[in-house]
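K.L.:
Structure: input.cif, mmCIF, C-alpha atoms.
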```cif
data_final
loop_
_atom_site.label_atom_id
_atom_site.label_comp_id
_atom_site.auth_asym_id
_atom_site.auth_seq_id
_atom_site.Cartn_x
_atom_site.Cartn_y
_atom_site.Cartn_z
CA MET U 14 109.55 -83.74 125.24
CA THR U 15 106.16 -83.55 126.90
CA MET U 16 105.05 -85.50 129.91
CA GLN U 17 102.83 -87.63 127.66
CA ASP U 18 105.86 -88.54 125.52
CA LYS U 19 107.74 -89.76 128.58
CA GLN U 20 104.99 -91.77 130.27
CA ALA U 21 103.17 -94.63 128.61
CA TRP U 22 99.96 -94.25 130.61
CA SER U 23 99.81 -90.81 132.24
CA GLY U 24 98.25 -88.93 129.33
CA ARG U 25 94.91 -89.08 131.16
CA PHE U 26 96.28 -86.89 133.97
CA ASN U 27 96.81 -83.14 133.91
CA GLU U 28 99.73 -83.10 136.37
CA PRO U 29 103.07 -84.89 136.08
CA VAL U 30 103.68 -88.04 138.06
CA ALA U 31 105.28 -87.45 141.46
CA GLU U 32 108.90 -88.56 141.76
CA LEU U 33 108.02 -90.88 144.64
CA VAL U 34 105.40 -92.64 142.49
CA LYS U 35 107.88 -92.94 139.63
CA ARG U 36 110.42 -94.65 141.84
CA TYR U 37 107.78 -96.88 143.43
CA THR U 38 106.23 -98.10 140.16
CA ALA U 39 109.34 -98.31 137.97
CA SER U 40 111.06 -101.67 137.60
CA VAL U 41 113.85 -100.76 135.20
CA ASP U 42 116.49 -100.78 137.94
CA PHE U 43 116.19 -104.54 138.23
CA ASP U 44 114.37 -105.82 135.13
CA LYS U 45 117.03 -104.34 132.82
CA ARG U 46 118.75 -107.70 133.27
CA LEU U 47 116.12 -108.95 130.80
CA ALA U 48 117.38 -106.61 128.08
CA LEU U 49 119.20 -109.13 125.88
CA PHE U 50 116.29 -111.57 126.15
CA ASP U 51 113.81 -108.82 125.33
CA ILE U 52 115.82 -108.11 122.18
CA GLN U 53 115.98 -111.82 121.33
CA GLY U 54 112.23 -112.24 121.71
CA SER U 55 111.45 -109.07 119.77
CA LEU U 56 113.68 -110.09 116.87
CA ALA U 57 111.91 -113.45 116.65
CA HIS U 58 108.54 -111.66 116.75
CA ALA U 59 109.66 -109.28 113.99
CA GLN U 60 110.81 -112.18 111.80
CA MET U 61 107.43 -113.83 112.26
CA LEU U 62 105.55 -110.63 111.40
CA ALA U 63 107.59 -110.28 108.20
CA ALA U 64 107.06 -113.95 107.30
CA CYS U 65 103.29 -113.40 107.72
CA GLU U 66 103.53 -110.22 105.61
CA ILE U 67 102.19 -108.13 108.49
CA ILE U 68 105.24 -105.87 108.33
CA SER U 69 107.45 -105.24 105.33
CA THR U 70 110.89 -106.69 104.68
CA GLN U 71 112.29 -103.17 105.02
CA ASP U 72 110.65 -102.83 108.44
CA LEU U 73 112.33 -106.07 109.50
CA LYS U 74 115.72 -104.88 108.31
CA ASP U 75 115.28 -101.57 110.14
CA ILE U 76 114.25 -103.36 113.34
CA GLN U 77 117.22 -105.74 113.11
CA ARG U 78 119.59 -102.82 112.52
CA GLY U 79 118.19 -100.86 115.45
CA MET U 80 118.22 -103.85 117.78
CA ALA U 81 121.83 -104.60 116.88
CA GLN U 82 122.81 -101.09 117.97
CA ILE U 83 120.76 -101.34 121.17
CA GLU U 84 122.31 -104.70 122.02
CA ASN U 85 125.77 -103.22 121.56
CA GLU U 86 124.88 -100.26 123.79
CA VAL U 87 123.60 -102.61 126.51
CA LEU U 88 126.68 -104.85 126.36
CA CYS U 89 129.02 -101.85 126.46
CA GLY U 90 127.14 -100.25 129.35
CA LYS U 91 126.27 -97.22 127.25
CA PHE U 92 122.49 -97.67 127.10
CA ASP U 93 120.65 -94.75 128.70
CA TRP U 94 118.15 -96.36 131.08
CA GLN U 95 115.39 -93.87 131.90
CA LEU U 96 113.27 -94.08 135.02
CA ASP U 97 110.48 -92.16 133.27
CA LEU U 98 110.09 -95.11 130.85
CA GLU U 99 109.45 -97.41 133.80
CA ASP U 100 110.73 -100.78 132.58
CA VAL U 101 113.22 -102.52 130.30
CA HIS U 102 110.62 -103.14 127.60
CA LEU U 103 109.51 -99.54 127.14
CA ASN U 104 113.11 -98.30 127.35
CA ILE U 105 114.14 -100.56 124.48
CA GLU U 106 110.99 -99.81 122.49
CA LYS U 107 111.48 -96.04 122.75
CA ARG U 108 115.16 -96.31 121.85
CA LEU U 109 114.31 -98.49 118.84
CA THR U 110 111.71 -96.01 117.63
CA ALA U 111 114.21 -93.18 118.03
CA LEU U 112 116.71 -95.11 115.90
CA VAL U 113 114.51 -96.50 113.11
CA GLY U 114 111.26 -94.50 113.25
CA ASP U 115 107.85 -96.02 112.58
CA ALA U 116 109.25 -99.51 112.00
CA GLY U 117 110.00 -99.59 115.72
CA LYS U 118 106.36 -98.83 116.51
CA ARG U 119 105.15 -101.61 114.22
CA LEU U 120 107.24 -104.17 116.12
CA HIS U 121 104.55 -104.36 118.81
CA THR U 122 101.89 -105.48 116.31
CA GLY U 123 100.18 -108.71 117.27
CA ARG U 124 101.44 -108.96 120.83
CA SER U 125 100.74 -107.36 124.18
CA ARG U 126 103.12 -106.37 126.94
CA ASN U 127 101.80 -109.41 128.83
CA ASP U 128 103.14 -112.09 126.50
CA GLN U 129 106.26 -110.04 125.77
CA VAL U 130 107.16 -109.97 129.47
CA ALA U 131 106.25 -113.63 129.96
CA THR U 132 108.44 -114.64 127.00
CA ASP U 133 111.37 -112.56 128.24
CA VAL U 134 111.16 -114.09 131.71
CA ARG U 135 111.06 -117.61 130.27
CA LEU U 136 114.12 -116.95 128.12
CA TYR U 137 115.95 -115.44 131.10
CA LEU U 138 115.07 -118.32 133.42
CA ARG U 139 116.08 -120.94 130.87
CA HIS U 140 119.45 -119.24 130.46
CA ALA U 141 119.89 -118.86 134.22
CA ILE U 142 118.95 -122.51 134.82
CA ASP U 143 121.47 -123.66 132.21
CA GLU U 144 124.17 -121.57 133.89
CA LEU U 145 123.20 -122.90 137.32
CA ILE U 146 123.45 -126.50 136.12
CA LEU U 147 126.93 -125.80 134.74
CA LEU U 148 127.97 -124.33 138.10
CA VAL U 149 126.54 -127.32 139.97
CA ASN U 150 128.42 -129.70 137.67
CA ALA U 151 131.64 -127.73 138.22
CA LEU U 152 131.16 -127.92 141.99
CA GLN U 153 130.62 -131.68 141.78
CA ARG U 154 133.83 -132.08 139.77
CA SER U 155 135.70 -130.05 142.38
CA LEU U 156 134.33 -132.22 145.17
CA LEU U 157 135.36 -135.34 143.26
CA ASP U 158 138.87 -134.01 142.66
CA LEU U 159 139.26 -133.16 146.33
CA ALA U 160 137.83 -136.52 147.40
CA GLN U 161 140.40 -138.40 145.30
CA HIS U 162 143.15 -136.85 147.41
CA HIS U 163 141.51 -137.83 150.70
CA THR U 164 140.43 -141.42 150.29
CA HIS U 165 142.63 -142.35 153.29
CA THR U 166 141.98 -139.24 155.38
CA ILE U 167 140.03 -140.50 158.38
CA MET U 168 137.35 -138.46 160.12
CA PRO U 169 134.50 -139.28 162.51
CA GLY U 170 131.14 -139.93 160.94
CA PHE U 171 128.09 -138.50 162.67
CA THR U 172 124.49 -139.60 163.02
CA HIS U 173 121.93 -137.55 164.94
CA LEU U 174 124.77 -135.19 165.95
CA GLN U 175 126.57 -138.05 167.67
CA VAL U 176 129.89 -139.61 166.74
CA ALA U 177 129.37 -142.85 164.84
CA GLN U 178 131.78 -144.99 162.82
CA PRO U 179 135.00 -143.63 161.27
CA VAL U 180 134.75 -142.67 157.59
CA SER U 181 137.11 -141.18 155.05
CA PHE U 182 136.94 -137.48 154.24
CA ALA U 183 136.36 -138.56 150.62
CA HIS U 184 133.22 -140.41 151.73
CA HIS U 185 131.99 -137.25 153.44
CA LEU U 186 132.66 -135.09 150.37
CA MET U 187 130.90 -137.45 148.00
CA ALA U 188 127.79 -137.30 150.16
CA TYR U 189 127.53 -133.62 149.28
CA SER U 190 128.18 -134.38 145.62
CA ARG U 191 125.38 -136.92 145.67
CA CYS U 192 122.98 -134.35 147.18
CA LEU U 193 123.68 -132.02 144.27
CA ASN U 194 122.53 -134.67 141.78
CA VAL U 195 118.89 -133.83 142.47
CA MET U 196 119.21 -130.14 141.58
CA PRO U 197 119.04 -130.37 137.76
CA ASN U 198 115.94 -132.58 138.03
CA ALA U 199 114.32 -130.13 140.42
CA LEU U 200 114.67 -127.19 138.03
CA PRO U 201 111.62 -126.48 135.80
CA THR U 202 113.42 -126.70 132.47
CA ALA U 203 110.92 -129.00 130.77
CA VAL U 204 107.58 -127.46 131.67
CA SER U 205 106.75 -123.84 132.46
CA VAL U 206 110.05 -122.27 131.40
CA SER U 207 110.01 -123.86 127.95
CA ILE U 208 106.38 -123.27 126.99
CA ALA U 209 105.89 -120.53 124.40
CA CYS U 210 103.39 -117.84 125.36
CA ALA U 211 104.07 -115.47 122.45
CA GLY U 212 100.81 -114.58 120.75
CA ALA U 213 98.62 -115.00 123.82
CA ALA U 214 98.43 -111.19 123.93
CA ALA U 215 96.47 -109.54 126.73
CA LEU U 216 94.00 -112.39 127.16
CA ALA U 217 93.10 -114.79 124.36
CA GLY U 218 95.26 -114.05 121.35
CA THR U 219 95.18 -111.50 118.56
CA SER U 220 93.17 -110.98 115.40
CA TYR U 221 96.34 -110.64 113.33
CA PRO U 222 97.22 -113.79 111.32
CA ILE U 223 100.39 -114.49 113.29
CA LYS U 224 102.22 -117.81 113.56
CA ARG U 225 103.06 -118.64 117.17
CA GLU U 226 104.85 -121.80 116.06
CA TYR U 227 107.25 -119.68 114.00
CA VAL U 228 108.27 -117.61 117.03
CA ALA U 229 108.51 -120.69 119.23
CA GLN U 230 110.80 -122.41 116.74
CA LEU U 231 113.09 -119.39 116.55
CA LEU U 232 113.30 -119.26 120.36
CA ASP U 233 113.48 -123.05 120.77
CA LEU U 234 110.28 -123.14 122.85
CA THR U 235 107.32 -125.53 122.91
CA VAL U 236 103.81 -124.70 121.70
CA PHE U 237 100.85 -126.65 123.09
CA ALA U 238 97.55 -125.01 122.10
CA LYS U 239 96.93 -121.72 120.33
CA THR U 240 95.60 -120.05 123.46
CA HIS U 241 94.61 -120.96 126.98
CA TRP U 242 90.96 -120.53 126.12
CA MET U 243 91.32 -122.98 123.24
CA GLN U 244 92.74 -125.55 125.65
CA CYS U 245 89.70 -125.02 127.88
CA LEU U 246 87.27 -125.46 124.97
CA ILE U 247 88.99 -128.67 123.93
CA ALA U 248 88.79 -130.03 127.48
CA ILE U 249 85.11 -129.10 127.82
CA SER U 250 84.18 -130.57 124.44
CA ARG U 251 85.73 -133.87 125.47
CA LEU U 252 83.29 -133.92 128.36
CA ASN U 253 80.46 -133.53 125.84
CA LEU U 254 79.42 -130.23 127.40
CA LEU U 255 79.89 -128.37 124.12
CA PRO U 256 79.45 -129.38 120.48
CA SER U 257 82.40 -131.41 119.21
CA ALA U 258 82.98 -128.79 116.50
CA LEU U 259 84.63 -126.57 119.11
CA SER U 260 87.51 -129.01 119.44
CA SER U 261 88.37 -128.89 115.76
#
```
Please go through the file and, once you have read it, give me the structure as C-alpha cells.
P.N.:
Amino acid sequence: MTMQDKQAWSGRFNEPVAELVKRYTASVDFDKRLALFDIQGSLAHAQMLAACEIISTQDLKDIQRGMAQIENEVLCGKFDWQLDLEDVHLNIEKRLTALVGDAGKRLHTGRSRNDQVATDVRLYLRHAIDELILLVNALQRSLLDLAQHHTHTIMPGFTHLQVAQPVSFAHHLMAYSRCLNVMPNALPTAVSVSIACAGAAALAGTSYPIKREYVAQLLDLTVFAKTHWMQCLIAISRLNLLPSALSS
C-alpha cells in the first residue's frame, strides 16, 4: 500500500507525513465512539441514493452487507482502527470499500464529509441525551425511595450557611430531586440536535437529485429548508430586497 492509499489528502506531498503530525491531526482515538452512528447515517444515505436511482439496488445490498459486518466488528471489538486513516469516517469508508468494492466508494455520492460528520454528531448527541435523561430519572427515583424512609428523620436546615429551622431528611433529599427536574428541559433535544443537515454538503447542497426528507425520515430528524442559503434567500425576499420568485 502506498502512502497515497493510506492518506486521504497527502498525495500532493512527496514525503510521508511525520508520525508527530499524524498523531496531532488524527481524531480516531476519540471519535470512534461515533462508529455506530456513522453506520446508521450512511445506511440511511444509501437507501436514499437507491430510492433516487443514483446507485443501483445491488450497490445498496452490497453496502448493507458490508456495513453489517463492520458493525459486528465494532461491537465485538475486532475492528482495526488505523491512525493513518485519521478519523472514524475514513476508517469505516476504507473498510467498506475493502469488503464490497466500488459500491463502497459510491456511498459518498451526494454528500460531503461536512454533513456526514454533522449528522453523526447529532445522532450521537441525541442518543447520549436520551441516556442522560434516563439516568437523571433513575436518580430521582432513588432519591424519592430514600426520602420515603426518612420522613421523620430530623436534621437542621440551613440558609446562608447558618442553621435555620429543623427539617426532615426527606425534605432535604427532595430539594435535590426538584433541582434535577430542570435538566431534561435544558438539554437541546428539540432544536439543534434534531435538525437534519444531510445533503447540505460542503456549502450549499449538491447537484445530485437527492431527497433530504427521505434521509431525515429514516433517521427521525427534522428538515426545515433545503439549504442554509435557501433560508437566507427566503428571508431576504420577504424584506422585498429580492424578487419574490426567489422564495418559491
K.L.:
Report as an NGL selection string the residues that result from applying the PyMOL selection byres ((chain U and resi 212) around 6) to the structure here.
P.N.:
:U and (124 or 211 or 213-214 or 218 or 225)
K.L.:
If we count all atoms listed in the file, what is near Asp44 (chain U) at a cut-off of 9 Å, once residues fewer than 2 positions away on the same chain are taken out, given as an MDAnalysis selection string?
P.N.:
chainID U and resid 40:42 46:48 100:102
K.L.:
Please, could you write that set of residues out with C-alpha atoms as a short mmCIF file (atom, residue, chain, number, x, y, z; two decimals), in the frame of the given file?
P.N.:
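Here's the written file again.cif:
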```
data_model
loop_
_atom_site.label_atom_id
_atom_site.label_comp_id
_atom_site.auth_asym_id
_atom_site.auth_seq_id
_atom_site.Cartn_x
_atom_site.Cartn_y
_atom_site.Cartn_z
CA SER U 40 111.06 -101.67 137.60
CA VAL U 41 113.85 -100.76 135.20
CA ASP U 42 116.49 -100.78 137.94
CA ARG U 46 118.75 -107.70 133.27
CA LEU U 47 116.12 -108.95 130.80
CA ALA U 48 117.38 -106.61 128.08
CA ASP U 100 110.73 -100.78 132.58
CA VAL U 101 113.22 -102.52 130.30
CA HIS U 102 110.62 -103.14 127.60
#
```
K.L.:
Got a sec: who's within 10 Å of Gln153 (chain U), counting all atoms listed in the file, leaving out chain neighbours fewer than 5 positions off, as a list of chain:residue names?
P.N.:
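Near neighbours after the sequence-gap exclusion: U:Leu147, U:Leu148, U:Asp158, U:Leu159, U:Leu186, U:Met187, U:Tyr189, U:Ser190, U:Arg191, U:Cys192, U:Leu193, U:Asn194.
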K.L.:
Between CA of Gly123 (chain U) and CA of Leu62 (chain U), what is the distance, to one decimal in Å?
P.N.:
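Rounded to one decimal, the two atoms are 8.2 Å apart.
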K.L.:
Might you spell out which residues the PyMOL selection byres ((chain U and resi 116) around 8) would select in the displayed file, as a list in words?
P.N.:
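Checked against the file, the PyMOL selection byres ((chain U and resi 116) around 8) matches Asp72, Leu73, Asp75, Ile76, Thr110, Val113, Gly114, Asp115, Gly117, Lys118, Arg119 and Leu120 of chain U.
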K.L.:
Have a look at U:Ala188, U:Leu103, U:Ala131, U:Ile52 and name the one nearest to Asn85 (chain U); count all atoms listed in the file.
P.N.:
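Between U:Ala188, U:Leu103, U:Ala131, U:Ile52, the residue approaching Asn85 (chain U) most closely is U:Ile52.
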K.L.:
Nearest to Phe92 (chain U) among U:Ala57, U:Leu49, U:Cys65, U:Ala160, with distances taken over all atoms listed in the file: which residue is it?
P.N.:
U:Leu49
K.L.:
Using CA of Thr132 (chain U) and CA of Asp51 (chain U) as the two end points, give the distance in Å to one decimal.
P.N.:
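Here the two named atoms are 8.1 Å from each other.
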K.L.:
My list of candidates is U:Phe43, U:Arg139, U:Ile167, U:Thr219. Which is closest to Val180 (chain U) when distances are computed with all atoms listed in the file?
P.N.:
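Closest to Val180 (chain U), using all atoms listed in the file: U:Ile167.
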K.L.:
Provide the CA of Cys210 (chain U) to CA of Asp128 (chain U) distance in Å, to one decimal place.
P.N.:
5.9 Å
